[in-house]
Structures are given as structure tokens and as C-alpha cells.
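S.K.: So that we are looking at the same thing, I have put the structure below in C-alpha cells.
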Amino acid sequence: MGNRLSKIYTRTGDDGSTGLGDGARVSKDSARVTAYGTVDEANSTIGIVLACEIPDSIRNVLVAVQHQMFDLGGELCIPGHAAIFDADIQALEDTLDRFNADLPPLKDFILPGGGMAAAQAHLARTICRRAEREVVTLSHHDAVRPEAIRYLNRLSDLLFVLCRVLARESGHGEVLWRHDRRR
């Protein structure tokens with residue numbers, strides 16, 4: 001691990017800049033800081049899901065995802081660093097397929113809800129989508145490995161499936177969008 005923090009405040013960011021993992025200083029509103037900050041935000045919302053009563057099978061997946069999200073934040077914080085790989089994306093796909101196998105096919109859109117854990121997972125999903133958009137924005141300015149974008153895309157898909165599983169597990173069920181309610 002790099003520098004250990006014995007003092008939390010340094011005052012070096014009081015001018016609106018922050019240090020990247022490679023030592024470079026950039027504005028706190030740079031596309032890079034926004035991207036890894038939004039990844040951190042998504043990771044924090046996964047922590048909120050983990051604070052809910054959820055099955056161990058989902059808990060284990062989300063704890064592993066939190067570690068990978070921290071790795072991804074590091075990759076984005078250190079230009080040129082690689083921490084997310086094809087195997088990580090494949091593992092998300094395998095997990096997604098496993099959880100999705102027992103769900104009925106979708107016939108309608110699902111509204112965020114379905115109990116506290118499912119609703120929190122929906123929040124994590126939407127913030128993960130925003131993180132993906134921010135990383136895409138960063139990729140227009142700086143080099144970003146395609147694995148980072150693919151990981152976030154697949155993770156938001158997995159979170160959607162987990163929302164469905166959690167809604168059913170809780171007994172609340174999925175909240176379906178009623179497209180015909182205005183007729």
C-alpha cells in the first residue's frame with residue numbers, strides 16, 4: 001500500500017486541487033476525480049445494501065464487488081494503472097446468469113422498490129450507471145481501459161437482477177410499471 005494516513009487532513013486540497021495516485025495534482029472537479037468519486041459513491045451505496053438483511057449468497061457477491069470497486073477506483077486514480085480485468089467481468093456475467101436463471105422473464109418494466117434491500121440495490125444500480133457515464137466522459141479526455149467501462153456496465157446489470165431477487169426474497173415482490181394507468 002502507498003502512503004499511510006496518520007493525519008486525515010493535509011490542507012493540500014484547500015486550493016481546490018487533489019492528488020492522484022501517481023502524485024500529479026488535478027482540480028477536484030476534473031473528469032478523472034468525478035469518475036473515481038462516482039465509483040466510490042456507487043461502492044458506498046452497495047455498503048448500504050449490505051447493511052440490510054440479505055441472503056448470504058448475495059452478501060458474498062456484494063462484498064467481493066466492493067473490493068473490485070475499490071480496485072477500479074484505484075485504476076481510475078492512477079493513470080495507466082490496470083486493476084480490473086476480463087476475468088472480473090466474466091465473473092460478474094457468470095454470477096448474473098446464476099441469479100437470473102430462477103427469475104421469470106420480464107414482461108414489464110420494474111419500478112425501484114420491492115422492500116428496503118431491493119430499493120437500496122436500485123439506488124446502487126442507478127449510481128453505478130452514473131459512474132459508467134462519468135468514466136465514459138473521462139475516456140473522451142484521457143485514456144481509460146475498456147475493461148473499466150465494461151465492468152460498470154455489467155455490474156449495473158447484475159445489480160438489476162439482484163434487485164429482482166431481493167424484492168422476491170423479501171416478500172414485497174417486484175413493483176411493476178403500469179403503462180396503461182392513464183387510459
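Within each chain, counting starts at residue 1; across the C-alpha cells, chains are named A, B, ... in the order shown, with ligands numbered 1 upward in that order.
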Considering only C-alpha atoms, return as a PyMOL selection string whatever protein or nucleic-acid residues lie within 9 Å of Arg164 in chain A, sequence-local ones (same chain, fewer than 3 positions apart) excluded.

M.R.: chain A and resi 100+103+110+114+118+159-161+167-169+173-174

S.K.: Grab the residues selected above and save them as an mmCIF file, in the first residue's frame with N, CA and C atoms.

M.R.:
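Heads up, here's the output in part07.cif:
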```cif
data_model
loop_
_atom_site.group_PDB
_atom_site.id
_atom_site.type_symbol
_atom_site.label_atom_id
_atom_site.label_comp_id
_atom_site.auth_asym_id
_atom_site.auth_seq_id
_atom_site.Cartn_x
_atom_site.Cartn_y
_atom_site.Cartn_z
ATOM 1 N N ASN A 100 -30.091 -14.892 -12.350
ATOM 2 C CA ASN A 100 -31.182 -14.643 -13.291
ATOM 3 C C ASN A 100 -31.904 -15.930 -13.705
ATOM 4 N N LEU A 103 -35.325 -16.499 -12.177
ATOM 5 C CA LEU A 103 -36.311 -15.423 -12.271
ATOM 6 C C LEU A 103 -37.195 -15.608 -13.500
ATOM 7 N N ILE A 110 -39.789 -2.545 -14.311
ATOM 8 C CA ILE A 110 -39.868 -2.631 -12.858
ATOM 9 C C ILE A 110 -39.523 -1.271 -12.271
ATOM 10 N N GLY A 114 -39.769 -2.656 -3.819
ATOM 11 C CA GLY A 114 -39.747 -4.078 -3.534
ATOM 12 C C GLY A 114 -39.109 -4.414 -2.197
ATOM 13 N N ALA A 118 -34.086 -4.222 -1.702
ATOM 14 C CA ALA A 118 -34.239 -4.084 -3.154
ATOM 15 C C ALA A 118 -34.187 -2.615 -3.558
ATOM 16 N N LEU A 159 -26.662 -5.742 -10.612
ATOM 17 C CA LEU A 159 -27.438 -5.104 -9.540
ATOM 18 C C LEU A 159 -28.928 -5.127 -9.858
ATOM 19 N N PHE A 160 -29.294 -4.946 -11.134
ATOM 20 C CA PHE A 160 -30.700 -5.023 -11.513
ATOM 21 C C PHE A 160 -31.277 -6.402 -11.200
ATOM 22 N N VAL A 161 -30.547 -7.441 -11.562
ATOM 23 C CA VAL A 161 -31.012 -8.797 -11.276
ATOM 24 C C VAL A 161 -31.098 -9.025 -9.767
ATOM 25 N N ALA A 167 -36.291 -8.305 -4.057
ATOM 26 C CA ALA A 167 -37.719 -7.980 -3.955
ATOM 27 C C ALA A 167 -38.540 -9.245 -3.725
ATOM 28 N N ARG A 168 -38.186 -10.296 -4.390
ATOM 29 C CA ARG A 168 -38.903 -11.563 -4.233
ATOM 30 C C ARG A 168 -38.587 -12.212 -2.888
ATOM 31 N N GLU A 169 -37.310 -12.167 -2.495
ATOM 32 C CA GLU A 169 -36.894 -12.761 -1.213
ATOM 33 C C GLU A 169 -37.580 -12.088 -0.026
ATOM 34 N N GLY A 173 -42.191 -8.404 -3.364
ATOM 35 C CA GLY A 173 -42.379 -8.593 -4.791
ATOM 36 C C GLY A 173 -41.916 -7.396 -5.593
ATOM 37 N N GLU A 174 -41.845 -7.589 -6.887
ATOM 38 C CA GLU A 174 -41.416 -6.524 -7.778
ATOM 39 C C GLU A 174 -42.555 -5.539 -8.001
#
```

S.K.: Return the single residue from A:Glu75, A:Glu147, A:Asp102, A:Asp157 that is closest to Gly21 in chain A, with distances computed using only C-alpha atoms.

M.R.: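 Among the listed residues, A:Glu75 lies closest to Gly21 in chain A.
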
S.K.: Using only C-alpha atoms, can you tell me which of A:Arg181, A:Arg145, A:Arg150, A:Lys28 comes closest to Gly80 in chain A?

M.R.: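 Of the candidates, the smallest distance to Gly80 in chain A is held by A:Arg145.
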
S.K.: Enter the distance from CA of Val39 in chain A to CA of Leu72 in chain A, in Å, rounded to one decimal.

M.R.: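 Going from CA of Val39 in chain A over to CA of Leu72 in chain A, I get 7.6 Å.
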
S.K.: Among range 31-86 of chain A, which residues does DSSP mark as alpha helix (DSSP H) when it is run on the backbone? Keep the chain and numbering as in the structure and answer as a PyMOL selection string.

M.R.: chain A and resi 31-50+56-77+86

S.K.: Generate a file of the selected residues that holds C-alpha atoms, formatted as a short mmCIF file (atom, residue, chain, number, x, y, z; two decimals), in the first residue's frame.

M.R.:
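Output saved as out-v2.cif:
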```cif
data_model
loop_
_atom_site.label_atom_id
_atom_site.label_comp_id
_atom_site.auth_asym_id
_atom_site.auth_seq_id
_atom_site.Cartn_x
_atom_site.Cartn_y
_atom_site.Cartn_z
CA ALA A 31 -13.32 14.32 -15.18
CA ARG A 32 -10.94 11.83 -13.56
CA VAL A 33 -11.83 12.83 -9.99
CA THR A 34 -15.53 12.86 -10.88
CA ALA A 35 -15.23 9.36 -12.35
CA TYR A 36 -13.46 7.71 -9.44
CA GLY A 37 -15.54 9.72 -6.96
CA THR A 38 -18.73 8.37 -8.51
CA VAL A 39 -17.31 4.83 -8.39
CA ASP A 40 -16.71 5.45 -4.68
CA GLU A 41 -20.28 6.70 -4.30
CA ALA A 42 -21.62 3.56 -6.00
CA ASN A 43 -19.47 1.44 -3.70
CA SER A 44 -20.89 3.27 -0.69
CA THR A 45 -24.45 2.53 -1.78
CA ILE A 46 -23.54 -1.14 -2.10
CA GLY A 47 -22.46 -0.81 1.54
CA ILE A 48 -25.98 0.37 2.35
CA VAL A 49 -27.41 -2.74 0.69
CA LEU A 50 -25.02 -4.82 2.80
CA ASP A 56 -25.61 -14.76 2.31
CA SER A 57 -25.33 -15.65 -1.36
CA ILE A 58 -25.97 -12.01 -2.28
CA ARG A 59 -23.89 -10.68 0.61
CA ASN A 60 -20.85 -12.65 -0.55
CA VAL A 61 -21.21 -11.34 -4.10
CA LEU A 62 -21.56 -7.73 -2.98
CA VAL A 63 -18.58 -7.87 -0.62
CA ALA A 64 -16.45 -9.16 -3.50
CA VAL A 65 -17.84 -6.40 -5.72
CA GLN A 66 -16.92 -3.78 -3.12
CA HIS A 67 -13.31 -4.91 -3.25
CA GLN A 68 -13.33 -4.77 -7.04
CA MET A 69 -14.94 -1.32 -6.99
CA PHE A 70 -12.11 -0.14 -4.74
CA ASP A 71 -9.67 -1.64 -7.24
CA LEU A 72 -11.48 0.17 -10.05
CA GLY A 73 -11.28 3.47 -8.16
CA GLY A 74 -7.54 2.91 -7.85
CA GLU A 75 -7.26 2.18 -11.55
CA LEU A 76 -9.02 5.44 -12.35
CA CYS A 77 -6.98 7.38 -9.77
CA ASP A 86 -11.67 -9.61 -18.36
#
```

S.K.: Calculated over only C-alpha atoms, which of the candidates A:Leu152, A:Gly171, A:Asp180, A:Leu166 has the smallest distance to Phe85 in chain A?

M.R.: A:Leu152

S.K.: Give me, please, the distance in Å between CA of Leu155 in chain A and CA of Leu92 in chain A, quoted to one decimal.

M.R.: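 It comes out at 6.6 Å.
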